[in-house]
Amino acid sequence: MWKWLYKLGSPKWFYTMTGQYMPWLVGLTVILLGVGLVWGLAFTPPDYQMGENYRIAYIHVPSASIAMGCYYMMACMAAAFLIWRIKMADMVAKACAPVGMTFTAAALFTGSVWGIPTWGTWWIWDARLTSTLIMLFLFIGVMALRSAYDSAQSGAKASAVLTLVGVVNVPIIKYSVEWWNTLHQGASNLSLSNTAANPPEVWVPAFFVGFGLLGFFLIAIILRTRNEILIRERRTDWVSDILGDARGEN
Amino acid sequence: MGSFASFADFISMGGYAVYVWSAYAFFALVLLVNIWQPLMARKKYFRQQLKREQVQAERARAQQEHEEMRNGNAT
Amino acid sequence: MSIVIATLRRELLIAFRSPGDMINPLMFFVIAVTLFPLGVGSDKAFLSEIASGVIWVTALLAVMLSMDSLFRSDYEDGSLEQLLLSPQPIYFIILAKVAGHWLISGLPLVILAPVLASMLALPQQSLLPLLAGLMLGTPILTLLGAIGMALTVGLSRSGLLLAVLILPLYIPVLVFGTGLVDSAQGGMGISGLLALLGAMLVLAVCLAPLAIVAALRISVN
């Protein structure tokens, strides 16, 4: 167990392992996403209340949960970096911020577009929409702080501290926004992600898309982390070897 | 196909075409950006590193030539 | 304990010697609140409806803008580095510094708030909940702002970055602070919300100094 963790902390090991397993991951992701999206878009019966419009749920719900999970993953990586000084953890945390931001943006956009016919407006101060918007701000803050520092080392540590401060606040923010929403609007019955009442042929494709998107998320993180490894380890022999191979190809 | 009578029905999404397809288009864009950006960054990195190596090699060669010339003058 | 008192006294002394740092956030608070009736009209019913929100949002911004004087001059003259290297318990020194800063920036806001509240025609029964909320909320704002300030004090231009980092974290305080006033106006009990704000304050007092110290160590290097 510890040996495995130790290995995971080694950039070279991470680079070679992810290189080996990448084709499998890509294949699995393409299959899951492909099946889930085609199934969800074309083969599930329309919702009796929202008609065909509910098909947005197949991308909205997984985007939102991946974005949320991404923030928690970034926080774990930040903690690992600050406590154990694992440089790999910082590289993954750095990769998480832009990916999480785009997924949050996707969740917001799909949610708003869904809202136009359902609520009659693209934006309402719904608790979920609002707290997702705040999460977008948190991602942007972490990225802005990192890029404001000239020294990569200080920027990494500062954004890790901010990420941890943010993760303590995320549940409080969520709770406060939900409370605020009930105070001002009364509970809205138009819950966006209530799949419990739906038959299996509606939510099974959602699982396909969800796991496919998880795979995609891992691919996106891994690609960025690999780039970061190459940049930070460019003076090492093994990266020179990779460069040598690339020279041969050109 | 599936729950739709025809392909045209599928495209029109029961009148919700604008919403459904714009949401899916944005989603596709997000996926695309998340793959395309790191791949481009990787390409750029390799180009830069190879260029740097080239410059270094050329500089070393120039230095060597310079020293050879100086040695030649000395003798 | 003596180090805490010494730090507190030093903070207050510095503040009274350069009163600009102390007065400017207050002036911002007053002027920004004055802008609202000019912008939305002087209709009393409407003003009283938005009064608590206006006062809370401007207080929040005033606290954020006052943060700059907390670490900036100490960072520039090197005394912050001395502080971090000193063998004294840094957690309590930082807590004392933040407490001192709240006394000169947060507390005056709370004291001034009733005047502005009556200018905005806030109903009488809402005044006490507003003040209680500000009393518990502004220290939280100061502590959170100190984290952001500690993270950005080493950067040359940090004003707007601080806003991006800190304002999202201020949201719960704003929600519960204004919620307190709304609940009171609606005739609901406010003790639950007060307890909630109090719990947040305790949490912030316990955890924020840790984050501030970690952030200052990064900035000083």
# chains A, B, ... in the order shown; residues from 1 in each chain; ligands from 1
>>> residues_around(residues="C:Asp182", least_positions_apart="2", cutoff="10 Å", atoms="only C-alpha atoms", output="NGL selection string")
(:A and (183-184)) or (:C and (49 or 52-53 or 126 or 129-130 or 176-180 or 184-188 or 190))
>>> residues_around(residues="stretch 11-28 of chain C", least_positions_apart="5", cutoff="10 Å", atoms="only C-alpha atoms", output="MDAnalysis selection string")
chainID C and resid 5:6 33:34 58:59 61:70 96:101 103:106 108:109 112
>>> closest_residue(among="A:Val167, A:Met91, A:Ile172, A:Ala97", to="A:Gln153", atoms="only C-alpha atoms")
A:Met91
>>> interface_residues(of="chain A", to="chain B", cutoff="7 Å", atoms="only C-alpha atoms", output="list of chain:residue names")
A:Ala42, A:Phe43, A:Thr44, A:Pro45, A:Glu52, A:Asn53, A:Arg55, A:Ile56, A:Val99, A:Thr102, A:Ala106, A:Phe109, A:Thr110, A:Val113, A:Trp114, A:Ala220, A:Leu223, A:Arg224, A:Asn227
>>> write_last_selection(atoms="N, CA and C atoms", output="PDB file, in the first residue's frame")
ATOM      1  N   ALA A  42     -31.874   9.457 -27.913  1.00  0.00           N
ATOM      2  CA  ALA A  42     -32.760   8.945 -28.951  1.00  0.00           C
ATOM      3  C   ALA A  42     -33.677   7.823 -28.490  1.00  0.00           C
ATOM      4  N   PHE A  43     -33.315   7.075 -27.453  1.00  0.00           N
ATOM      5  CA  PHE A  43     -34.065   5.852 -27.182  1.00  0.00           C
ATOM      6  C   PHE A  43     -34.905   5.867 -25.918  1.00  0.00           C
ATOM      7  N   THR A  44     -34.625   6.795 -24.986  1.00  0.00           N
ATOM      8  CA  THR A  44     -35.481   6.805 -23.801  1.00  0.00           C
ATOM      9  C   THR A  44     -36.790   7.522 -24.127  1.00  0.00           C
ATOM     10  N   PRO A  45     -37.878   7.076 -23.494  1.00  0.00           N
ATOM     11  CA  PRO A  45     -39.160   7.726 -23.758  1.00  0.00           C
ATOM     12  C   PRO A  45     -39.164   9.156 -23.202  1.00  0.00           C
ATOM     13  N   GLU A  52     -39.416  16.357 -24.429  1.00  0.00           N
ATOM     14  CA  GLU A  52     -38.052  15.983 -24.833  1.00  0.00           C
ATOM     15  C   GLU A  52     -37.003  16.829 -24.131  1.00  0.00           C
ATOM     16  N   ASN A  53     -37.426  17.929 -23.547  1.00  0.00           N
ATOM     17  CA  ASN A  53     -36.477  18.870 -22.960  1.00  0.00           C
ATOM     18  C   ASN A  53     -35.667  18.246 -21.835  1.00  0.00           C
ATOM     19  N   ARG A  55     -34.070  15.724 -21.736  1.00  0.00           N
ATOM     20  CA  ARG A  55     -32.849  15.043 -22.178  1.00  0.00           C
ATOM     21  C   ARG A  55     -31.590  15.823 -21.835  1.00  0.00           C
ATOM     22  N   ILE A  56     -31.753  17.107 -21.524  1.00  0.00           N
ATOM     23  CA  ILE A  56     -30.602  17.903 -21.072  1.00  0.00           C
ATOM     24  C   ILE A  56     -30.062  17.342 -19.753  1.00  0.00           C
ATOM     25  N   VAL A  99     -10.108  22.265 -15.456  1.00  0.00           N
ATOM     26  CA  VAL A  99     -11.085  21.246 -15.844  1.00  0.00           C
ATOM     27  C   VAL A  99     -12.368  21.422 -15.039  1.00  0.00           C
ATOM     28  N   THR A 102     -14.384  24.407 -16.291  1.00  0.00           N
ATOM     29  CA  THR A 102     -15.166  24.210 -17.520  1.00  0.00           C
ATOM     30  C   THR A 102     -16.380  23.318 -17.250  1.00  0.00           C
ATOM     31  N   ALA A 106     -20.218  24.186 -17.821  1.00  0.00           N
ATOM     32  CA  ALA A 106     -21.145  23.335 -18.568  1.00  0.00           C
ATOM     33  C   ALA A 106     -22.415  23.093 -17.762  1.00  0.00           C
ATOM     34  N   PHE A 109     -24.452  26.314 -17.851  1.00  0.00           N
ATOM     35  CA  PHE A 109     -25.056  26.598 -19.153  1.00  0.00           C
ATOM     36  C   PHE A 109     -26.229  25.659 -19.416  1.00  0.00           C
ATOM     37  N   THR A 110     -26.005  24.356 -19.215  1.00  0.00           N
ATOM     38  CA  THR A 110     -27.078  23.402 -19.492  1.00  0.00           C
ATOM     39  C   THR A 110     -28.261  23.640 -18.548  1.00  0.00           C
ATOM     40  N   VAL A 113     -30.150  26.751 -19.847  1.00  0.00           N
ATOM     41  CA  VAL A 113     -30.884  26.477 -21.073  1.00  0.00           C
ATOM     42  C   VAL A 113     -32.106  25.615 -20.781  1.00  0.00           C
ATOM     43  N   TRP A 114     -31.928  24.677 -19.871  1.00  0.00           N
ATOM     44  CA  TRP A 114     -33.039  23.848 -19.434  1.00  0.00           C
ATOM     45  C   TRP A 114     -34.126  24.719 -18.806  1.00  0.00           C
ATOM     46  N   ALA A 220      -8.844  14.068 -18.979  1.00  0.00           N
ATOM     47  CA  ALA A 220      -8.487  15.493 -19.054  1.00  0.00           C
ATOM     48  C   ALA A 220      -7.454  15.844 -17.990  1.00  0.00           C
ATOM     49  N   LEU A 223      -4.028  14.194 -18.927  1.00  0.00           N
ATOM     50  CA  LEU A 223      -3.327  14.886 -20.017  1.00  0.00           C
ATOM     51  C   LEU A 223      -2.622  16.131 -19.495  1.00  0.00           C
ATOM     52  N   ARG A 224      -3.339  16.927 -18.709  1.00  0.00           N
ATOM     53  CA  ARG A 224      -2.734  18.146 -18.181  1.00  0.00           C
ATOM     54  C   ARG A 224      -1.590  17.839 -17.224  1.00  0.00           C
ATOM     55  N   ASN A 227       1.552  16.927 -19.077  1.00  0.00           N
ATOM     56  CA  ASN A 227       2.238  18.114 -19.597  1.00  0.00           C
ATOM     57  C   ASN A 227       3.052  18.797 -18.505  1.00  0.00           C
TER      58      ASN A 227
END
>>> interface_residues(of="chain A", to="chain C", cutoff="8 Å", atoms="only C-alpha atoms", output="ChimeraX atom specification")
/A:134,137-138,140-142,144-145,148-149,154,157-158,161-162,165-166,169,172-173,176-177,180,183
>>> select_by_dssp(residues="stretch 64-232 of chain A", states="helix (DSSP H, G or I)", output="PyMOL selection string")
chain A and resi 64-84+87-119+127-148+152-185+200-232
>>> residues_around(residues="A:Gly215", least_positions_apart="2", cutoff="9 Å", atoms="only C-alpha atoms", output="list in words")
Leu25, Val26, Leu28, Thr29, Val30, Leu32, Leu33, Gly210, Phe211, Gly212, Leu213, Phe217, Leu218, Ile219 and Ala220 of chain A
>>> write_last_selection(atoms="C-alpha atoms", output="mmCIF file, in the first residue's frame")
data_model
loop_
_atom_site.group_PDB
_atom_site.id
_atom_site.type_symbol
_atom_site.label_atom_id
_atom_site.label_comp_id
_atom_site.auth_asym_id
_atom_site.auth_seq_id
_atom_site.Cartn_x
_atom_site.Cartn_y
_atom_site.Cartn_z
ATOM 1 C CA LEU A 25 -9.270 4.510 -20.532
ATOM 2 C CA VAL A 26 -10.001 6.351 -23.770
ATOM 3 C CA LEU A 28 -13.861 2.713 -22.183
ATOM 4 C CA THR A 29 -14.805 6.368 -22.008
ATOM 5 C CA VAL A 30 -15.780 6.565 -25.672
ATOM 6 C CA LEU A 32 -19.664 4.615 -22.120
ATOM 7 C CA LEU A 33 -20.248 8.173 -23.305
ATOM 8 C CA GLY A 210 -21.991 9.632 -15.600
ATOM 9 C CA PHE A 211 -19.296 6.992 -15.653
ATOM 10 C CA GLY A 212 -18.250 7.987 -19.164
ATOM 11 C CA LEU A 213 -17.869 11.558 -18.008
ATOM 12 C CA PHE A 217 -12.578 13.805 -16.455
ATOM 13 C CA LEU A 218 -9.701 11.459 -15.585
ATOM 14 C CA ILE A 219 -8.381 11.694 -19.139
ATOM 15 C CA ALA A 220 -8.487 15.493 -19.054
#
>>> residues_around(residues="C:Val115", least_positions_apart="2", cutoff="12 Å", atoms="only C-alpha atoms", output="PyMOL selection string")
chain C and resi 29-30+33-34+51+55+108-113+117-122+124+127+131
>>> write_last_selection(atoms="N, CA and C atoms", output="short mmCIF file (atom, residue, chain, number, x, y, z; two decimals), in the first residue's frame")
data_model
loop_
_atom_site.label_atom_id
_atom_site.label_comp_id
_atom_site.auth_asym_id
_atom_site.auth_seq_id
_atom_site.Cartn_x
_atom_site.Cartn_y
_atom_site.Cartn_z
N PHE C 29 -17.90 53.37 3.86
CA PHE C 29 -19.17 52.81 4.32
C PHE C 29 -20.29 53.85 4.21
N VAL C 30 -20.02 55.05 4.76
CA VAL C 30 -21.04 56.10 4.77
C VAL C 30 -21.38 56.56 3.35
N VAL C 33 -23.22 53.88 1.22
CA VAL C 33 -24.64 53.76 1.61
C VAL C 33 -25.43 54.97 1.11
N THR C 34 -24.81 56.16 1.16
CA THR C 34 -25.49 57.37 0.69
C THR C 34 -25.82 57.28 -0.79
N ALA C 51 -32.87 48.18 3.08
CA ALA C 51 -31.89 48.77 3.99
C ALA C 51 -30.89 47.75 4.53
N ILE C 55 -26.84 47.85 3.84
CA ILE C 55 -25.87 48.04 4.92
C ILE C 55 -24.92 46.85 5.02
N PRO C 108 -16.12 50.18 14.54
CA PRO C 108 -16.70 51.48 14.16
C PRO C 108 -17.84 51.33 13.16
N LEU C 109 -17.76 50.34 12.27
CA LEU C 109 -18.86 50.12 11.32
C LEU C 109 -20.14 49.77 12.08
N VAL C 110 -20.00 48.88 13.07
CA VAL C 110 -21.18 48.48 13.84
C VAL C 110 -21.75 49.68 14.58
N ILE C 111 -20.87 50.51 15.12
CA ILE C 111 -21.33 51.67 15.88
C ILE C 111 -22.04 52.67 14.98
N LEU C 112 -21.53 52.81 13.76
CA LEU C 112 -22.10 53.78 12.83
C LEU C 112 -23.39 53.27 12.17
N ALA C 113 -23.57 51.94 12.16
CA ALA C 113 -24.68 51.34 11.42
C ALA C 113 -26.06 51.89 11.81
N ALA C 117 -28.83 53.11 9.27
CA ALA C 117 -30.08 52.35 9.23
C ALA C 117 -31.27 53.28 9.30
N SER C 118 -31.19 54.29 10.18
CA SER C 118 -32.35 55.18 10.28
C SER C 118 -32.44 56.08 9.06
N MET C 119 -31.27 56.40 8.43
CA MET C 119 -31.32 57.16 7.18
C MET C 119 -32.01 56.36 6.08
N LEU C 120 -31.86 55.04 6.13
CA LEU C 120 -32.50 54.19 5.13
C LEU C 120 -33.87 53.71 5.58
N ALA C 121 -34.37 54.28 6.66
CA ALA C 121 -35.72 53.98 7.16
C ALA C 121 -35.91 52.52 7.51
N LEU C 122 -34.88 51.93 8.11
CA LEU C 122 -35.03 50.55 8.59
C LEU C 122 -35.99 50.55 9.77
N GLN C 124 -37.82 50.00 13.27
CA GLN C 124 -37.20 49.97 14.59
C GLN C 124 -36.90 48.55 15.06
N LEU C 127 -33.63 46.91 13.98
CA LEU C 127 -32.32 47.49 14.24
C LEU C 127 -31.45 46.58 15.10
N LEU C 131 -27.78 44.95 14.21
CA LEU C 131 -26.56 45.21 14.97
C LEU C 131 -25.97 43.92 15.54
#
>>> atom_distance(atom1="atom CA of A:Ile86", atom2="atom CA of A:Val168")
21.5 Å
>>> decode(residues="stretch 141-188 of chain C", atoms="N, CA and C atoms", output="PDB file, in the first residue's frame")
ATOM      1  N   LEU C 141     -15.845  38.364   8.946  1.00  0.00           N
ATOM      2  CA  LEU C 141     -15.380  38.988   7.705  1.00  0.00           C
ATOM      3  C   LEU C 141     -13.916  39.396   7.825  1.00  0.00           C
ATOM      4  N   THR C 142     -13.550  39.935   8.989  1.00  0.00           N
ATOM      5  CA  THR C 142     -12.159  40.354   9.176  1.00  0.00           C
ATOM      6  C   THR C 142     -11.216  39.153   9.134  1.00  0.00           C
ATOM      7  N   LEU C 143     -11.618  38.053   9.779  1.00  0.00           N
ATOM      8  CA  LEU C 143     -10.756  36.866   9.799  1.00  0.00           C
ATOM      9  C   LEU C 143     -10.588  36.290   8.395  1.00  0.00           C
ATOM     10  N   LEU C 144     -11.707  36.186   7.660  1.00  0.00           N
ATOM     11  CA  LEU C 144     -11.614  35.645   6.295  1.00  0.00           C
ATOM     12  C   LEU C 144     -10.805  36.586   5.404  1.00  0.00           C
ATOM     13  N   GLY C 145     -11.051  37.889   5.582  1.00  0.00           N
ATOM     14  CA  GLY C 145     -10.296  38.858   4.791  1.00  0.00           C
ATOM     15  C   GLY C 145      -8.808  38.780   5.088  1.00  0.00           C
ATOM     16  N   ALA C 146      -8.476  38.505   6.353  1.00  0.00           N
ATOM     17  CA  ALA C 146      -7.063  38.401   6.714  1.00  0.00           C
ATOM     18  C   ALA C 146      -6.404  37.224   5.992  1.00  0.00           C
ATOM     19  N   ILE C 147      -7.164  36.132   5.794  1.00  0.00           N
ATOM     20  CA  ILE C 147      -6.605  35.013   5.025  1.00  0.00           C
ATOM     21  C   ILE C 147      -6.269  35.480   3.616  1.00  0.00           C
ATOM     22  N   GLY C 148      -7.232  36.147   2.982  1.00  0.00           N
ATOM     23  CA  GLY C 148      -6.998  36.617   1.622  1.00  0.00           C
ATOM     24  C   GLY C 148      -5.863  37.607   1.558  1.00  0.00           C
ATOM     25  N   MET C 149      -5.799  38.492   2.542  1.00  0.00           N
ATOM     26  CA  MET C 149      -4.726  39.493   2.564  1.00  0.00           C
ATOM     27  C   MET C 149      -3.377  38.817   2.747  1.00  0.00           C
ATOM     28  N   ALA C 150      -3.338  37.801   3.632  1.00  0.00           N
ATOM     29  CA  ALA C 150      -2.073  37.101   3.861  1.00  0.00           C
ATOM     30  C   ALA C 150      -1.615  36.398   2.592  1.00  0.00           C
ATOM     31  N   LEU C 151      -2.580  35.909   1.799  1.00  0.00           N
ATOM     32  CA  LEU C 151      -2.213  35.211   0.564  1.00  0.00           C
ATOM     33  C   LEU C 151      -1.684  36.168  -0.496  1.00  0.00           C
ATOM     34  N   THR C 152      -2.144  37.433  -0.457  1.00  0.00           N
ATOM     35  CA  THR C 152      -1.817  38.338  -1.552  1.00  0.00           C
ATOM     36  C   THR C 152      -0.867  39.460  -1.140  1.00  0.00           C
ATOM     37  N   VAL C 153      -0.417  39.474   0.116  1.00  0.00           N
ATOM     38  CA  VAL C 153       0.372  40.627   0.566  1.00  0.00           C
ATOM     39  C   VAL C 153       1.711  40.715  -0.178  1.00  0.00           C
ATOM     40  N   GLY C 154       2.221  39.584  -0.637  1.00  0.00           N
ATOM     41  CA  GLY C 154       3.496  39.608  -1.345  1.00  0.00           C
ATOM     42  C   GLY C 154       3.388  40.037  -2.796  1.00  0.00           C
ATOM     43  N   LEU C 155       2.162  40.159  -3.294  1.00  0.00           N
ATOM     44  CA  LEU C 155       1.984  40.512  -4.701  1.00  0.00           C
ATOM     45  C   LEU C 155       1.891  42.018  -4.838  1.00  0.00           C
ATOM     46  N   SER C 156       2.407  42.538  -5.953  1.00  0.00           N
ATOM     47  CA  SER C 156       2.475  43.994  -6.056  1.00  0.00           C
ATOM     48  C   SER C 156       1.091  44.612  -6.216  1.00  0.00           C
ATOM     49  N   ARG C 157       0.235  44.049  -7.065  1.00  0.00           N
ATOM     50  CA  ARG C 157      -1.100  44.621  -7.224  1.00  0.00           C
ATOM     51  C   ARG C 157      -2.131  43.574  -6.831  1.00  0.00           C
ATOM     52  N   SER C 158      -2.699  43.745  -5.639  1.00  0.00           N
ATOM     53  CA  SER C 158      -3.506  42.651  -5.115  1.00  0.00           C
ATOM     54  C   SER C 158      -4.945  43.062  -4.835  1.00  0.00           C
ATOM     55  N   GLY C 159      -5.291  44.336  -5.024  1.00  0.00           N
ATOM     56  CA  GLY C 159      -6.602  44.814  -4.607  1.00  0.00           C
ATOM     57  C   GLY C 159      -7.756  44.034  -5.191  1.00  0.00           C
ATOM     58  N   LEU C 160      -7.795  43.913  -6.521  1.00  0.00           N
ATOM     59  CA  LEU C 160      -8.932  43.236  -7.142  1.00  0.00           C
ATOM     60  C   LEU C 160      -8.860  41.733  -6.966  1.00  0.00           C
ATOM     61  N   LEU C 161      -7.630  41.211  -6.922  1.00  0.00           N
ATOM     62  CA  LEU C 161      -7.478  39.776  -6.692  1.00  0.00           C
ATOM     63  C   LEU C 161      -8.076  39.398  -5.340  1.00  0.00           C
ATOM     64  N   LEU C 162      -7.829  40.247  -4.347  1.00  0.00           N
ATOM     65  CA  LEU C 162      -8.376  39.996  -3.010  1.00  0.00           C
ATOM     66  C   LEU C 162      -9.902  39.865  -3.074  1.00  0.00           C
ATOM     67  N   ALA C 163     -10.525  40.744  -3.853  1.00  0.00           N
ATOM     68  CA  ALA C 163     -11.989  40.692  -3.975  1.00  0.00           C
ATOM     69  C   ALA C 163     -12.433  39.364  -4.597  1.00  0.00           C
ATOM     70  N   VAL C 164     -11.723  38.928  -5.633  1.00  0.00           N
ATOM     71  CA  VAL C 164     -12.095  37.673  -6.296  1.00  0.00           C
ATOM     72  C   VAL C 164     -11.953  36.496  -5.338  1.00  0.00           C
ATOM     73  N   LEU C 165     -10.913  36.524  -4.512  1.00  0.00           N
ATOM     74  CA  LEU C 165     -10.670  35.399  -3.612  1.00  0.00           C
ATOM     75  C   LEU C 165     -11.657  35.382  -2.454  1.00  0.00           C
ATOM     76  N   ILE C 166     -11.963  36.575  -1.918  1.00  0.00           N
ATOM     77  CA  ILE C 166     -12.610  36.641  -0.613  1.00  0.00           C
ATOM     78  C   ILE C 166     -14.130  36.771  -0.696  1.00  0.00           C
ATOM     79  N   LEU C 167     -14.618  37.528  -1.683  1.00  0.00           N
ATOM     80  CA  LEU C 167     -16.064  37.782  -1.702  1.00  0.00           C
ATOM     81  C   LEU C 167     -16.908  36.501  -1.753  1.00  0.00           C
ATOM     82  N   PRO C 168     -16.506  35.461  -2.538  1.00  0.00           N
ATOM     83  CA  PRO C 168     -17.324  34.238  -2.481  1.00  0.00           C
ATOM     84  C   PRO C 168     -17.399  33.640  -1.081  1.00  0.00           C
ATOM     85  N   LEU C 169     -16.296  33.785  -0.313  1.00  0.00           N
ATOM     86  CA  LEU C 169     -16.295  33.217   1.034  1.00  0.00           C
ATOM     87  C   LEU C 169     -17.155  34.041   1.994  1.00  0.00           C
ATOM     88  N   TYR C 170     -17.440  35.283   1.640  1.00  0.00           N
ATOM     89  CA  TYR C 170     -18.263  36.148   2.488  1.00  0.00           C
ATOM     90  C   TYR C 170     -19.758  35.822   2.380  1.00  0.00           C
ATOM     91  N   ILE C 171     -20.133  35.043   1.385  1.00  0.00           N
ATOM     92  CA  ILE C 171     -21.558  34.847   1.104  1.00  0.00           C
ATOM     93  C   ILE C 171     -22.365  34.318   2.299  1.00  0.00           C
ATOM     94  N   PRO C 172     -21.888  33.271   3.008  1.00  0.00           N
ATOM     95  CA  PRO C 172     -22.706  32.779   4.125  1.00  0.00           C
ATOM     96  C   PRO C 172     -22.979  33.850   5.177  1.00  0.00           C
ATOM     97  N   VAL C 173     -21.967  34.661   5.484  1.00  0.00           N
ATOM     98  CA  VAL C 173     -22.161  35.713   6.486  1.00  0.00           C
ATOM     99  C   VAL C 173     -23.231  36.696   6.017  1.00  0.00           C
ATOM    100  N   LEU C 174     -23.140  37.061   4.734  1.00  0.00           N
ATOM    101  CA  LEU C 174     -24.134  37.986   4.177  1.00  0.00           C
ATOM    102  C   LEU C 174     -25.538  37.387   4.255  1.00  0.00           C
ATOM    103  N   VAL C 175     -25.642  36.110   3.860  1.00  0.00           N
ATOM    104  CA  VAL C 175     -26.956  35.453   3.837  1.00  0.00           C
ATOM    105  C   VAL C 175     -27.565  35.404   5.234  1.00  0.00           C
ATOM    106  N   PHE C 176     -26.770  34.972   6.210  1.00  0.00           N
ATOM    107  CA  PHE C 176     -27.340  34.836   7.551  1.00  0.00           C
ATOM    108  C   PHE C 176     -27.521  36.191   8.215  1.00  0.00           C
ATOM    109  N   GLY C 177     -26.635  37.131   7.913  1.00  0.00           N
ATOM    110  CA  GLY C 177     -26.772  38.464   8.491  1.00  0.00           C
ATOM    111  C   GLY C 177     -28.042  39.152   8.030  1.00  0.00           C
ATOM    112  N   THR C 178     -28.291  39.132   6.710  1.00  0.00           N
ATOM    113  CA  THR C 178     -29.517  39.767   6.221  1.00  0.00           C
ATOM    114  C   THR C 178     -30.727  38.915   6.570  1.00  0.00           C
ATOM    115  N   GLY C 179     -30.531  37.597   6.627  1.00  0.00           N
ATOM    116  CA  GLY C 179     -31.629  36.703   6.992  1.00  0.00           C
ATOM    117  C   GLY C 179     -32.134  36.976   8.394  1.00  0.00           C
ATOM    118  N   LEU C 180     -31.186  37.350   9.246  1.00  0.00           N
ATOM    119  CA  LEU C 180     -31.528  37.690  10.621  1.00  0.00           C
ATOM    120  C   LEU C 180     -32.535  38.842  10.643  1.00  0.00           C
ATOM    121  N   VAL C 181     -32.243  39.876   9.846  1.00  0.00           N
ATOM    122  CA  VAL C 181     -33.122  41.050   9.803  1.00  0.00           C
ATOM    123  C   VAL C 181     -34.481  40.674   9.209  1.00  0.00           C
ATOM    124  N   ASP C 182     -34.436  39.898   8.109  1.00  0.00           N
ATOM    125  CA  ASP C 182     -35.689  39.493   7.472  1.00  0.00           C
ATOM    126  C   ASP C 182     -36.554  38.666   8.415  1.00  0.00           C
ATOM    127  N   SER C 183     -35.906  37.743   9.145  1.00  0.00           N
ATOM    128  CA  SER C 183     -36.669  36.912  10.082  1.00  0.00           C
ATOM    129  C   SER C 183     -37.323  37.776  11.148  1.00  0.00           C
ATOM    130  N   ALA C 184     -36.564  38.772  11.630  1.00  0.00           N
ATOM    131  CA  ALA C 184     -37.122  39.643  12.665  1.00  0.00           C
ATOM    132  C   ALA C 184     -38.302  40.426  12.114  1.00  0.00           C
ATOM    133  N   GLN C 185     -38.169  40.910  10.858  1.00  0.00           N
ATOM    134  CA  GLN C 185     -39.262  41.658  10.254  1.00  0.00           C
ATOM    135  C   GLN C 185     -40.477  40.767  10.042  1.00  0.00           C
ATOM    136  N   GLY C 186     -40.214  39.505   9.717  1.00  0.00           N
ATOM    137  CA  GLY C 186     -41.306  38.571   9.500  1.00  0.00           C
ATOM    138  C   GLY C 186     -41.882  38.029  10.786  1.00  0.00           C
ATOM    139  N   GLY C 187     -41.362  38.473  11.933  1.00  0.00           N
ATOM    140  CA  GLY C 187     -41.891  38.034  13.213  1.00  0.00           C
ATOM    141  C   GLY C 187     -41.411  36.659  13.635  1.00  0.00           C
ATOM    142  N   MET C 188     -40.374  36.137  12.927  1.00  0.00           N
ATOM    143  CA  MET C 188     -39.851  34.828  13.325  1.00  0.00           C
ATOM    144  C   MET C 188     -38.759  35.008  14.370  1.00  0.00           C
TER     145      MET C 188
END
